[in-house]
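Undergrad: There's a structure below that I have some questions on.
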There are 2 protein chains.
Amino acid sequence: MKQPIAFARTTFAHREAAEVKDGDLTGSEWRDVKNRLRRAGLRPTIQRVALGCILFGDGDRHVTAEMLYDAATRGKASVSLATVYNTLHQFTEAGLLREVTVDSTRTYFDTNNSVHHHFFIEDQNALLDIPASDVVVDPVPVPPEGYEIVRIEVVARLRRKKL
Amino acid sequence: MKQPIAFARTTFAHREAAEVKDGDLTGSEWRDVKNRLRRAGLRPTIQRVALGCILFGDGDRHVTAEMLYDAATRGKASVSLATVYNTLHQFTEAGLLREVTVDSTRTYFDTNNSVHHHFFIEDQNALLDIPASDVVVDPVPVPPEGYEIVRIEVVARLRRKKL
DNA sequence: TTAGATGCAAATGGTTTGCATGCGT
DNA sequence: ACGCATGCAAACCATTTGCATCTAA
């Protein structure tokens, strides 16, 4: 049931078991992430900045804790799994990430926090962004009395087409 | 983090910690469920029929394994938790149930297998049906080459409105 | 200096599995 | 009788937690 580590680049640029840049740990990106964290009210510790570089360094990503942990370990950054979990949740609370619920066995985090939806390829556990303009929910359902809609999520589950 | 057992009746008839009928274990319903299982290619064992009575006996329901297990135990039906899990999956495979992914910590099963979507009340872990006509996805996103859409799920996450 | 962050290992909790026993056909 | 189904307990695995240590400010 173990899936290959896959950092799916988004919006149709799908690739399995992709390599992940370690995030240019010495360059300007390190400084950028540091500032970004400070702006978000998070102390820019070594671990957070390292994870931030991986997450925000190269386009939109969909990661699980395990995937991020492996990517960090593969690079020079040594981070404990517990810290990866903490960091993912802190980033999410700070609005830097967004949680995506598509699989009841693990939690995905999306570095793209703009309005959009997802394809989920079930037999690969891979997520792809659907650009906001490609799917429209209209009408929007009316919530029951006393409740308001926080967010609407659309997930289109995919399977490989049969020949 | 333990939530009260809640069998949410669907479509705005929301209630917390609702009671569950044991399903009229001696009446005609027992026979009906038995036939239904047979038609679905499942051996109508005592446990499967008992769980079927609970699930299909009184309108649409959204259940987790734990909820169904408690309901069965509360009634006269004694079923092991493992069997509940097995049964839920077998029913799902047979098309009698549908899995709903809204919460990464547990799996919900929906007795309504017609086309519709869901509200999810985050702080109560409660699911409500959205009638198919109340939410329309249009346009439907175009899947990447070689893939086809299995199903589109819309989840509107709710929070209690602030005064 | 000190509040907050990290790492480790142990605990948690939903779900699955292995295997001996039971039941539907 | 045969083979699938059940029950139990142990195994699993993603995630969380407790606590001692470390570090950014």
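Each chain in the structure tokens gets a letter, A, B and so on, in the order shown; residues start at 1 in every chain, and ligands are counted from 1 in the order they appear.
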Show me, as a Markdown table, the residues of chain B having an atom within 10 Å of chain C, each with the closest atom pair and its distance in Å, using only C-alpha atoms (C1' of nucleotides).
TA:
| residue | atom | partner | partner_atom | distance |
| --- | --- | --- | --- | --- |
| B:Lys2 | CA | C:DG13 | C1' | 9.9 |
| B:Arg43 | CA | C:DG24 | C1' | 7.3 |
| B:Pro44 | CA | C:DG24 | C1' | 8.0 |
| B:Thr45 | CA | C:DG24 | C1' | 7.1 |
| B:Ile46 | CA | C:DC23 | C1' | 9.2 |
| B:Ala65 | CA | C:DG14 | C1' | 9.2 |
| B:Glu66 | CA | C:DG14 | C1' | 9.1 |
| B:Ala82 | CA | C:DT16 | C1' | 8.4 |
| B:Tyr85 | CA | C:DT15 | C1' | 8.0 |
| B:Asn86 | CA | C:DT16 | C1' | 9.6 |
| B:Thr105 | CA | C:DG14 | C1' | 7.1 |
| B:Arg106 | CA | C:DG14 | C1' | 6.5 |
| B:Thr107 | CA | C:DG14 | C1' | 8.8 |
Undergrad: Would you write out those residues with N, CA, C and O atoms, as a PDB file, in the first residue's frame?
TA:
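Below is the file that was written, again23.pdb:
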ATOM      1  N   LYS B   2     -13.073  12.657  20.862  1.00  0.00           N
ATOM      2  CA  LYS B   2     -14.179  11.728  20.655  1.00  0.00           C
ATOM      3  C   LYS B   2     -15.481  12.511  20.483  1.00  0.00           C
ATOM      4  O   LYS B   2     -15.830  13.327  21.322  1.00  0.00           O
ATOM      5  N   ARG B  43     -24.122 -13.134   0.630  1.00  0.00           N
ATOM      6  CA  ARG B  43     -24.821 -14.107   1.471  1.00  0.00           C
ATOM      7  C   ARG B  43     -25.493 -13.376   2.626  1.00  0.00           C
ATOM      8  O   ARG B  43     -24.834 -12.659   3.366  1.00  0.00           O
ATOM      9  N   PRO B  44     -26.787 -13.541   2.798  1.00  0.00           N
ATOM     10  CA  PRO B  44     -27.489 -12.824   3.870  1.00  0.00           C
ATOM     11  C   PRO B  44     -27.253 -13.468   5.228  1.00  0.00           C
ATOM     12  O   PRO B  44     -28.117 -14.158   5.755  1.00  0.00           O
ATOM     13  N   THR B  45     -26.127 -13.195   5.788  1.00  0.00           N
ATOM     14  CA  THR B  45     -25.851 -13.716   7.130  1.00  0.00           C
ATOM     15  C   THR B  45     -26.582 -12.865   8.155  1.00  0.00           C
ATOM     16  O   THR B  45     -27.038 -11.763   7.853  1.00  0.00           O
ATOM     17  N   ILE B  46     -26.679 -13.409   9.361  1.00  0.00           N
ATOM     18  CA  ILE B  46     -27.369 -12.673  10.422  1.00  0.00           C
ATOM     19  C   ILE B  46     -26.807 -11.274  10.569  1.00  0.00           C
ATOM     20  O   ILE B  46     -27.544 -10.295  10.628  1.00  0.00           O
ATOM     21  N   ALA B  65     -17.867   3.512  10.805  1.00  0.00           N
ATOM     22  CA  ALA B  65     -17.865   2.147  11.315  1.00  0.00           C
ATOM     23  C   ALA B  65     -18.240   2.139  12.796  1.00  0.00           C
ATOM     24  O   ALA B  65     -19.061   1.337  13.247  1.00  0.00           O
ATOM     25  N   GLU B  66     -17.647   3.056  13.523  1.00  0.00           N
ATOM     26  CA  GLU B  66     -17.885   3.124  14.966  1.00  0.00           C
ATOM     27  C   GLU B  66     -19.356   3.377  15.270  1.00  0.00           C
ATOM     28  O   GLU B  66     -19.956   2.746  16.149  1.00  0.00           O
ATOM     29  N   ALA B  82     -14.743  -5.729  13.529  1.00  0.00           N
ATOM     30  CA  ALA B  82     -14.108  -6.176  12.284  1.00  0.00           C
ATOM     31  C   ALA B  82     -15.157  -6.497  11.238  1.00  0.00           C
ATOM     32  O   ALA B  82     -15.015  -6.160  10.062  1.00  0.00           O
ATOM     33  N   TYR B  85     -16.587  -3.369   9.703  1.00  0.00           N
ATOM     34  CA  TYR B  85     -15.707  -2.858   8.650  1.00  0.00           C
ATOM     35  C   TYR B  85     -15.839  -3.686   7.376  1.00  0.00           C
ATOM     36  O   TYR B  85     -16.001  -3.146   6.285  1.00  0.00           O
ATOM     37  N   ASN B  86     -15.768  -5.000   7.534  1.00  0.00           N
ATOM     38  CA  ASN B  86     -15.917  -5.856   6.366  1.00  0.00           C
ATOM     39  C   ASN B  86     -17.224  -5.572   5.650  1.00  0.00           C
ATOM     40  O   ASN B  86     -17.265  -5.386   4.430  1.00  0.00           O
ATOM     41  N   THR B 105      -9.662  11.697   9.235  1.00  0.00           N
ATOM     42  CA  THR B 105      -9.459  10.790  10.363  1.00  0.00           C
ATOM     43  C   THR B 105     -10.428   9.622  10.398  1.00  0.00           C
ATOM     44  O   THR B 105     -10.185   8.650  11.094  1.00  0.00           O
ATOM     45  N   ARG B 106     -11.537   9.730   9.701  1.00  0.00           N
ATOM     46  CA  ARG B 106     -12.430   8.572   9.661  1.00  0.00           C
ATOM     47  C   ARG B 106     -13.166   8.537   8.337  1.00  0.00           C
ATOM     48  O   ARG B 106     -13.198   9.502   7.598  1.00  0.00           O
ATOM     49  N   THR B 107     -13.762   7.390   8.053  1.00  0.00           N
ATOM     50  CA  THR B 107     -14.441   7.194   6.788  1.00  0.00           C
ATOM     51  C   THR B 107     -15.947   7.166   6.988  1.00  0.00           C
ATOM     52  O   THR B 107     -16.443   6.448   7.852  1.00  0.00           O
TER      53      THR B 107
END
Undergrad: Could you list, as a ChimeraX atom specification, every residue of chain D that has an atom within 10 Å of an atom of chain A, counting only C-alpha atoms (C1' of nucleotides)?
TA: /D:13-17,23-25
Undergrad: Output the selection as a compact mmCIF listing (two decimals), in the first residue's frame - all heavy atoms for each residue.
TA:
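Resulting contents of part.txt:
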# COMPACT_ATOMS: atom_id res chain seq x y z
P DC D 13 2.24 -1.05 7.80
OP1 DC D 13 2.31 -1.56 6.42
OP2 DC D 13 3.43 -1.03 8.67
O5' DC D 13 1.66 0.44 7.74
C5' DC D 13 0.25 0.65 7.66
C4' DC D 13 -0.04 2.09 8.01
O4' DC D 13 -0.55 2.16 9.37
C3' DC D 13 1.17 3.03 7.98
O3' DC D 13 0.71 4.27 7.51
C2' DC D 13 1.57 3.09 9.44
C1' DC D 13 0.19 3.13 10.08
N1 DC D 13 0.13 2.76 11.51
C2 DC D 13 -0.99 3.16 12.25
O2 DC D 13 -1.87 3.80 11.67
N3 DC D 13 -1.05 2.84 13.55
C4 DC D 13 -0.05 2.16 14.12
N4 DC D 13 -0.16 1.87 15.41
C5 DC D 13 1.10 1.74 13.38
C6 DC D 13 1.15 2.06 12.09
P DA D 14 1.64 5.31 6.75
OP1 DA D 14 1.57 5.12 5.30
OP2 DA D 14 2.95 5.25 7.45
O5' DA D 14 0.93 6.69 7.12
C5' DA D 14 -0.40 6.89 6.71
C4' DA D 14 -1.09 7.76 7.73
O4' DA D 14 -1.06 7.10 9.01
C3' DA D 14 -0.44 9.13 7.93
O3' DA D 14 -1.45 10.10 7.91
C2' DA D 14 0.25 9.01 9.30
C1' DA D 14 -0.63 8.00 10.01
N9 DA D 14 0.06 7.20 11.02
C8 DA D 14 1.22 6.51 10.87
N7 DA D 14 1.62 5.88 11.95
C5 DA D 14 0.65 6.19 12.88
C6 DA D 14 0.47 5.83 14.24
N6 DA D 14 1.32 5.05 14.90
N1 DA D 14 -0.62 6.31 14.88
C2 DA D 14 -1.47 7.09 14.21
N3 DA D 14 -1.42 7.49 12.94
C4 DA D 14 -0.33 7.00 12.33
P DT D 15 -1.10 11.64 7.98
OP1 DT D 15 -2.21 12.36 7.36
OP2 DT D 15 0.28 11.85 7.51
O5' DT D 15 -1.17 11.93 9.55
C5' DT D 15 -2.40 11.75 10.21
C4' DT D 15 -2.20 11.85 11.71
O4' DT D 15 -1.32 10.81 12.18
C3' DT D 15 -1.57 13.17 12.19
O3' DT D 15 -2.55 13.87 12.94
C2' DT D 15 -0.39 12.72 13.05
C1' DT D 15 -0.73 11.28 13.37
N1 DT D 15 0.41 10.40 13.69
C2 DT D 15 0.48 9.82 14.94
O2 DT D 15 -0.36 10.02 15.80
N3 DT D 15 1.57 9.02 15.16
C4 DT D 15 2.58 8.73 14.26
O4 DT D 15 3.51 7.98 14.57
C5 DT D 15 2.45 9.35 12.96
C7 DT D 15 3.49 9.11 11.91
C6 DT D 15 1.38 10.15 12.73
P DT D 16 -2.21 15.21 13.67
OP1 DT D 16 -3.46 15.99 13.72
OP2 DT D 16 -0.98 15.78 13.11
O5' DT D 16 -1.89 14.70 15.15
C5' DT D 16 -2.80 13.82 15.77
C4' DT D 16 -2.40 13.59 17.22
O4' DT D 16 -1.27 12.69 17.28
C3' DT D 16 -2.00 14.84 18.00
O3' DT D 16 -2.61 14.73 19.27
C2' DT D 16 -0.48 14.74 18.08
C1' DT D 16 -0.28 13.24 18.12
N1 DT D 16 1.00 12.71 17.59
C2 DT D 16 1.71 11.80 18.34
O2 DT D 16 1.35 11.42 19.44
N3 DT D 16 2.85 11.34 17.75
C4 DT D 16 3.36 11.69 16.51
O4 DT D 16 4.40 11.19 16.09
C5 DT D 16 2.57 12.65 15.79
C7 DT D 16 3.03 13.10 14.44
C6 DT D 16 1.45 13.11 16.34
P DT D 17 -2.56 15.94 20.30
OP1 DT D 17 -3.93 16.08 20.81
OP2 DT D 17 -1.86 17.07 19.69
O5' DT D 17 -1.64 15.36 21.48
C5' DT D 17 -1.53 13.96 21.63
C4' DT D 17 -0.55 13.65 22.76
O4' DT D 17 0.67 13.11 22.18
C3' DT D 17 -0.13 14.84 23.61
O3' DT D 17 0.06 14.39 24.94
C2' DT D 17 1.19 15.26 22.97
C1' DT D 17 1.77 13.91 22.57
N1 DT D 17 2.69 13.91 21.41
C2 DT D 17 3.73 13.02 21.40
O2 DT D 17 3.94 12.23 22.29
N3 DT D 17 4.52 13.08 20.29
C4 DT D 17 4.38 13.92 19.21
O4 DT D 17 5.15 13.88 18.26
C5 DT D 17 3.27 14.84 19.29
C7 DT D 17 3.03 15.82 18.17
C6 DT D 17 2.49 14.80 20.37
P DT D 23 20.78 24.35 19.19
OP1 DT D 23 21.41 23.56 18.12
OP2 DT D 23 21.59 25.01 20.24
O5' DT D 23 19.86 25.45 18.51
C5' DT D 23 18.44 25.26 18.42
C4' DT D 23 17.76 26.61 18.32
O4' DT D 23 17.06 26.91 19.55
C3' DT D 23 18.69 27.79 18.09
O3' DT D 23 17.97 28.78 17.39
C2' DT D 23 18.93 28.29 19.51
C1' DT D 23 17.51 28.15 20.05
N1 DT D 23 17.36 28.10 21.51
C2 DT D 23 16.17 28.53 22.07
O2 DT D 23 15.24 28.94 21.42
N3 DT D 23 16.12 28.44 23.44
C4 DT D 23 17.12 27.99 24.28
O4 DT D 23 16.95 27.95 25.49
C5 DT D 23 18.33 27.56 23.61
C7 DT D 23 19.48 27.06 24.44
C6 DT D 23 18.40 27.65 22.27
P DA D 24 18.55 29.46 16.06
OP1 DA D 24 18.47 28.53 14.92
OP2 DA D 24 19.86 30.06 16.45
O5' DA D 24 17.50 30.63 15.80
C5' DA D 24 16.12 30.30 15.68
C4' DA D 24 15.27 31.41 16.27
O4' DA D 24 15.33 31.38 17.72
C3' DA D 24 15.69 32.82 15.86
O3' DA D 24 14.50 33.59 15.62
C2' DA D 24 16.48 33.33 17.07
C1' DA D 24 15.79 32.61 18.23
N9 DA D 24 16.69 32.28 19.34
C8 DA D 24 18.00 31.92 19.25
N7 DA D 24 18.54 31.64 20.42
C5 DA D 24 17.51 31.84 21.33
C6 DA D 24 17.44 31.72 22.72
N6 DA D 24 18.46 31.33 23.48
N1 DA D 24 16.25 32.00 23.31
C2 DA D 24 15.22 32.37 22.54
N3 DA D 24 15.18 32.52 21.22
C4 DA D 24 16.36 32.23 20.67
P DA D 25 14.61 35.12 15.23
OP1 DA D 25 13.42 35.44 14.40
OP2 DA D 25 15.97 35.39 14.71
O5' DA D 25 14.44 35.85 16.64
C5' DA D 25 13.16 35.87 17.24
C4' DA D 25 13.24 36.72 18.51
O4' DA D 25 14.11 36.05 19.46
C3' DA D 25 13.84 38.09 18.26
O3' DA D 25 13.00 39.10 18.78
C2' DA D 25 15.16 38.11 19.04
C1' DA D 25 14.95 37.01 20.06
N9 DA D 25 16.20 36.34 20.37
C8 DA D 25 17.24 36.08 19.51
N7 DA D 25 18.26 35.47 20.08
C5 DA D 25 17.85 35.32 21.39
C6 DA D 25 18.46 34.73 22.52
N6 DA D 25 19.67 34.17 22.47
N1 DA D 25 17.76 34.73 23.67
C2 DA D 25 16.55 35.27 23.71
N3 DA D 25 15.87 35.84 22.72
C4 DA D 25 16.58 35.84 21.59
Undergrad: Near chain A, meaning an atom within 7 Å, which residues of chain B appear when counting only C-alpha atoms? Write them as a PDB file with N, CA, C and O atoms, in the first residue's frame.
TA:
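The resulting selection-v6.pdb:
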ATOM      1  N   PHE B  12     -31.143  18.409   5.872  1.00  0.00           N
ATOM      2  CA  PHE B  12     -31.563  19.446   6.797  1.00  0.00           C
ATOM      3  C   PHE B  12     -32.281  18.951   8.038  1.00  0.00           C
ATOM      4  O   PHE B  12     -32.584  19.719   8.927  1.00  0.00           O
ATOM      5  N   THR B 101     -15.605  11.016   1.412  1.00  0.00           N
ATOM      6  CA  THR B 101     -14.343  11.446   2.002  1.00  0.00           C
ATOM      7  C   THR B 101     -14.420  12.915   2.376  1.00  0.00           C
ATOM      8  O   THR B 101     -14.352  13.785   1.518  1.00  0.00           O
ATOM      9  N   VAL B 102     -14.595  13.196   3.641  1.00  0.00           N
ATOM     10  CA  VAL B 102     -14.669  14.582   4.096  1.00  0.00           C
ATOM     11  C   VAL B 102     -13.762  14.837   5.277  1.00  0.00           C
ATOM     12  O   VAL B 102     -13.479  15.971   5.615  1.00  0.00           O
ATOM     13  N   ASP B 103     -13.316  13.771   5.906  1.00  0.00           N
ATOM     14  CA  ASP B 103     -12.587  13.894   7.150  1.00  0.00           C
ATOM     15  C   ASP B 103     -11.435  12.903   7.063  1.00  0.00           C
ATOM     16  O   ASP B 103     -11.635  11.715   6.841  1.00  0.00           O
ATOM     17  N   SER B 104     -10.225  13.403   7.224  1.00  0.00           N
ATOM     18  CA  SER B 104      -9.083  12.522   7.014  1.00  0.00           C
ATOM     19  C   SER B 104      -8.887  11.554   8.177  1.00  0.00           C
ATOM     20  O   SER B 104      -8.047  10.679   8.097  1.00  0.00           O
ATOM     21  N   THR B 105      -9.662  11.697   9.235  1.00  0.00           N
ATOM     22  CA  THR B 105      -9.459  10.790  10.363  1.00  0.00           C
ATOM     23  C   THR B 105     -10.428   9.622  10.398  1.00  0.00           C
ATOM     24  O   THR B 105     -10.185   8.650  11.094  1.00  0.00           O
ATOM     25  N   ARG B 106     -11.537   9.730   9.701  1.00  0.00           N
ATOM     26  CA  ARG B 106     -12.430   8.572   9.661  1.00  0.00           C
ATOM     27  C   ARG B 106     -13.166   8.537   8.337  1.00  0.00           C
ATOM     28  O   ARG B 106     -13.198   9.502   7.598  1.00  0.00           O
ATOM     29  N   THR B 107     -13.762   7.390   8.053  1.00  0.00           N
ATOM     30  CA  THR B 107     -14.441   7.194   6.788  1.00  0.00           C
ATOM     31  C   THR B 107     -15.947   7.166   6.988  1.00  0.00           C
ATOM     32  O   THR B 107     -16.443   6.448   7.852  1.00  0.00           O
ATOM     33  N   ASP B 134     -29.659  21.279  -5.933  1.00  0.00           N
ATOM     34  CA  ASP B 134     -29.230  22.494  -5.246  1.00  0.00           C
ATOM     35  C   ASP B 134     -27.800  22.899  -5.519  1.00  0.00           C
ATOM     36  O   ASP B 134     -27.355  23.948  -5.071  1.00  0.00           O
ATOM     37  N   VAL B 135     -27.069  22.040  -6.184  1.00  0.00           N
ATOM     38  CA  VAL B 135     -25.708  22.409  -6.544  1.00  0.00           C
ATOM     39  C   VAL B 135     -25.384  21.779  -7.892  1.00  0.00           C
ATOM     40  O   VAL B 135     -25.582  20.590  -8.100  1.00  0.00           O
ATOM     41  N   VAL B 136     -24.896  22.619  -8.790  1.00  0.00           N
ATOM     42  CA  VAL B 136     -24.592  22.137 -10.123  1.00  0.00           C
ATOM     43  C   VAL B 136     -23.163  22.509 -10.469  1.00  0.00           C
ATOM     44  O   VAL B 136     -22.749  23.641 -10.245  1.00  0.00           O
ATOM     45  N   VAL B 137     -22.428  21.532 -10.953  1.00  0.00           N
ATOM     46  CA  VAL B 137     -21.070  21.788 -11.398  1.00  0.00           C
ATOM     47  C   VAL B 137     -21.094  21.915 -12.909  1.00  0.00           C
ATOM     48  O   VAL B 137     -21.398  20.955 -13.614  1.00  0.00           O
ATOM     49  N   ASP B 138     -20.807  23.122 -13.391  1.00  0.00           N
ATOM     50  CA  ASP B 138     -20.872  23.370 -14.822  1.00  0.00           C
ATOM     51  C   ASP B 138     -20.042  24.603 -15.139  1.00  0.00           C
ATOM     52  O   ASP B 138     -20.324  25.662 -14.615  1.00  0.00           O
ATOM     53  N   PRO B 139     -19.024  24.533 -15.936  1.00  0.00           N
ATOM     54  CA  PRO B 139     -18.664  23.344 -16.702  1.00  0.00           C
ATOM     55  C   PRO B 139     -18.006  22.274 -15.832  1.00  0.00           C
ATOM     56  O   PRO B 139     -17.513  22.561 -14.761  1.00  0.00           O
ATOM     57  N   VAL B 140     -18.043  21.050 -16.332  1.00  0.00           N
ATOM     58  CA  VAL B 140     -17.318  19.959 -15.695  1.00  0.00           C
ATOM     59  C   VAL B 140     -15.895  19.987 -16.244  1.00  0.00           C
ATOM     60  O   VAL B 140     -15.706  20.146 -17.437  1.00  0.00           O
ATOM     61  N   PRO B 141     -14.911  19.896 -15.359  1.00  0.00           N
ATOM     62  CA  PRO B 141     -13.528  20.010 -15.827  1.00  0.00           C
ATOM     63  C   PRO B 141     -13.143  18.871 -16.767  1.00  0.00           C
ATOM     64  O   PRO B 141     -13.645  17.758 -16.645  1.00  0.00           O
ATOM     65  N   PRO B 144      -7.225  15.127 -17.723  1.00  0.00           N
ATOM     66  CA  PRO B 144      -6.032  15.017 -18.564  1.00  0.00           C
ATOM     67  C   PRO B 144      -6.120  13.800 -19.474  1.00  0.00           C
ATOM     68  O   PRO B 144      -6.836  12.842 -19.182  1.00  0.00           O
ATOM     69  N   GLY B 146      -6.023  10.469 -21.321  1.00  0.00           N
ATOM     70  CA  GLY B 146      -5.861   9.100 -20.843  1.00  0.00           C
ATOM     71  C   GLY B 146      -6.621   8.817 -19.568  1.00  0.00           C
ATOM     72  O   GLY B 146      -6.652   7.687 -19.099  1.00  0.00           O
ATOM     73  N   TYR B 147      -7.261   9.828 -19.008  1.00  0.00           N
ATOM     74  CA  TYR B 147      -8.025   9.618 -17.778  1.00  0.00           C
ATOM     75  C   TYR B 147      -9.482   9.982 -17.982  1.00  0.00           C
ATOM     76  O   TYR B 147      -9.823  10.804 -18.833  1.00  0.00           O
ATOM     77  N   GLU B 148     -10.320   9.343 -17.192  1.00  0.00           N
ATOM     78  CA  GLU B 148     -11.739   9.695 -17.236  1.00  0.00           C
ATOM     79  C   GLU B 148     -12.223   9.943 -15.822  1.00  0.00           C
ATOM     80  O   GLU B 148     -11.684   9.393 -14.857  1.00  0.00           O
ATOM     81  N   ILE B 149     -13.253  10.764 -15.702  1.00  0.00           N
ATOM     82  CA  ILE B 149     -13.782  11.112 -14.398  1.00  0.00           C
ATOM     83  C   ILE B 149     -14.672   9.992 -13.884  1.00  0.00           C
ATOM     84  O   ILE B 149     -15.593   9.558 -14.572  1.00  0.00           O
ATOM     85  N   VAL B 150     -14.389   9.504 -12.713  1.00  0.00           N
ATOM     86  CA  VAL B 150     -15.197   8.469 -12.102  1.00  0.00           C
ATOM     87  C   VAL B 150     -16.402   9.098 -11.405  1.00  0.00           C
ATOM     88  O   VAL B 150     -17.523   8.641 -11.519  1.00  0.00           O
ATOM     89  N   ARG B 151     -16.134  10.157 -10.679  1.00  0.00           N
ATOM     90  CA  ARG B 151     -17.197  10.830  -9.943  1.00  0.00           C
ATOM     91  C   ARG B 151     -16.731  12.219  -9.553  1.00  0.00           C
ATOM     92  O   ARG B 151     -15.544  12.445  -9.357  1.00  0.00           O
ATOM     93  N   ILE B 152     -17.655  13.123  -9.426  1.00  0.00           N
ATOM     94  CA  ILE B 152     -17.323  14.455  -8.931  1.00  0.00           C
ATOM     95  C   ILE B 152     -17.988  14.640  -7.587  1.00  0.00           C
ATOM     96  O   ILE B 152     -19.184  14.400  -7.434  1.00  0.00           O
ATOM     97  N   GLU B 153     -17.191  15.017  -6.602  1.00  0.00           N
ATOM     98  CA  GLU B 153     -17.721  15.220  -5.267  1.00  0.00           C
ATOM     99  C   GLU B 153     -17.615  16.684  -4.883  1.00  0.00           C
ATOM    100  O   GLU B 153     -16.559  17.290  -5.023  1.00  0.00           O
ATOM    101  N   VAL B 154     -18.709  17.214  -4.395  1.00  0.00           N
ATOM    102  CA  VAL B 154     -18.696  18.585  -3.908  1.00  0.00           C
ATOM    103  C   VAL B 154     -18.967  18.551  -2.413  1.00  0.00           C
ATOM    104  O   VAL B 154     -19.935  17.947  -1.965  1.00  0.00           O
ATOM    105  N   VAL B 155     -18.100  19.163  -1.662  1.00  0.00           N
ATOM    106  CA  VAL B 155     -18.300  19.265  -0.217  1.00  0.00           C
ATOM    107  C   VAL B 155     -18.293  20.734   0.178  1.00  0.00           C
ATOM    108  O   VAL B 155     -17.319  21.440  -0.070  1.00  0.00           O
ATOM    109  N   ALA B 156     -19.385  21.163   0.779  1.00  0.00           N
ATOM    110  CA  ALA B 156     -19.450  22.535   1.285  1.00  0.00           C
ATOM    111  C   ALA B 156     -19.244  22.471   2.790  1.00  0.00           C
ATOM    112  O   ALA B 156     -20.074  21.917   3.518  1.00  0.00           O
ATOM    113  N   ARG B 157     -18.135  23.016   3.242  1.00  0.00           N
ATOM    114  CA  ARG B 157     -17.826  22.955   4.674  1.00  0.00           C
ATOM    115  C   ARG B 157     -18.525  24.085   5.394  1.00  0.00           C
ATOM    116  O   ARG B 157     -18.463  25.236   4.978  1.00  0.00           O
ATOM    117  N   LEU B 158     -19.193  23.735   6.488  1.00  0.00           N
ATOM    118  CA  LEU B 158     -19.998  24.716   7.212  1.00  0.00           C
ATOM    119  C   LEU B 158     -19.404  25.026   8.576  1.00  0.00           C
ATOM    120  O   LEU B 158     -18.727  24.202   9.177  1.00  0.00           O
ATOM    121  N   ARG B 159     -19.697  26.235   9.007  1.00  0.00           N
ATOM    122  CA  ARG B 159     -19.388  26.605  10.386  1.00  0.00           C
ATOM    123  C   ARG B 159     -20.616  27.326  10.924  1.00  0.00           C
ATOM    124  O   ARG B 159     -21.384  27.921  10.162  1.00  0.00           O
ATOM    125  N   ARG B 160     -20.796  27.258  12.209  1.00  0.00           N
ATOM    126  CA  ARG B 160     -21.909  27.958  12.829  1.00  0.00           C
ATOM    127  C   ARG B 160     -21.738  29.451  12.569  1.00  0.00           C
ATOM    128  O   ARG B 160     -20.638  29.975  12.735  1.00  0.00           O
ATOM    129  N   LYS B 161     -22.766  30.094  12.125  1.00  0.00           N
ATOM    130  CA  LYS B 161     -22.672  31.517  11.802  1.00  0.00           C
ATOM    131  C   LYS B 161     -22.435  32.323  13.076  1.00  0.00           C
ATOM    132  O   LYS B 161     -23.046  32.065  14.110  1.00  0.00           O
TER     133      LYS B 161
END
Undergrad: Please identify which residues in chain A DSSP calls alpha helix (DSSP H) from the backbone, and express them as JSON, numbers by chain.
TA: {"A": [28, 29, 30, 31, 32, 33, 34, 35, 36, 37, 38, 39, 46, 47, 48, 49, 50, 51, 52, 53, 54, 55, 56, 65, 66, 67, 68, 69, 70, 71, 72, 73, 74, 81, 82, 83, 84, 85, 86, 87, 88, 89, 90, 91, 92, 93]}
Undergrad: Could you jot down the CA of Asp60 in chain B to C1' of DG7 in chain D separation for me, Å, one decimal place?
TA: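 Interatomic distance, CA of Asp60 in chain B to C1' of DG7 in chain D: 28.8 Å.
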Undergrad: Which value, in Å to one decimal, gives the distance between C1' of DA1 in chain D and CA of Leu42 in chain B?
TA: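 C1' of DA1 in chain D sits 20.9 Å away from CA of Leu42 in chain B.
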Undergrad: Between CA of Met67 in chain A and CA of Asp129 in chain A, measure the distance and give it in Å to one decimal.
TA: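 Atom-to-atom, CA of Met67 in chain A and CA of Asp129 in chain A are spaced 17.9 Å apart.
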Undergrad: For Trp30 in chain A, find every residue with an atom within 12 Å (counting only C-alpha atoms (C1' of nucleotides)), except residues of its own chain fewer than 6 positions away, and show them as a PyMOL selection string.
TA: chain A and resi 22-24+36-37+44-57
Undergrad: Taking the DSSP secondary structure from the backbone, can you list the residues of chain A that are strand (DSSP E), as a compact mmCIF listing (two decimals) with C-alpha atoms, in the first residue's frame?
TA:
# COMPACT_ATOMS: atom_id res chain seq x y z
CA ALA A 8 2.97 16.09 -8.26
CA ARG A 9 3.53 19.37 -10.00
CA ARG A 61 2.80 21.28 -4.77
CA HIS A 62 0.65 18.73 -3.06
CA VAL A 63 2.44 17.03 -0.24
CA ARG A 98 -4.27 24.60 2.59
CA GLU A 99 -5.39 21.18 3.65
CA VAL A 100 -7.00 19.00 1.00
CA TYR A 108 -2.52 16.36 1.74
CA PHE A 109 -1.35 19.94 1.90
CA ASP A 110 -1.53 22.27 -1.06
CA HIS A 117 -10.23 22.50 -7.14
CA HIS A 118 -8.64 19.12 -7.67
CA PHE A 119 -8.42 16.02 -9.73
CA PHE A 120 -7.49 12.96 -7.69
CA ILE A 121 -6.05 9.96 -9.49
CA ALA A 126 -1.84 11.89 -7.08
CA LEU A 127 -3.46 15.30 -6.93
CA LEU A 128 -3.72 17.76 -9.81
CA ASP A 129 -5.00 21.28 -9.67
CA ILE A 130 -8.05 22.20 -11.65
CA TYR A 147 -24.63 28.04 9.35
CA GLU A 148 -22.38 29.61 6.78
CA ILE A 149 -20.22 28.06 4.11
CA VAL A 150 -16.52 28.18 4.90
CA ARG A 151 -15.34 26.73 1.63
CA ILE A 152 -16.57 24.61 -1.22
CA GLU A 153 -14.33 21.81 -2.39
CA VAL A 154 -14.75 20.00 -5.64
CA VAL A 155 -12.87 16.77 -6.22
CA ALA A 156 -13.06 14.98 -9.54
CA ARG A 157 -11.87 11.42 -9.09
CA LEU A 158 -10.03 10.02 -12.07
CA ARG A 159 -9.25 6.59 -13.34
CA ARG A 160 -7.07 5.59 -16.24
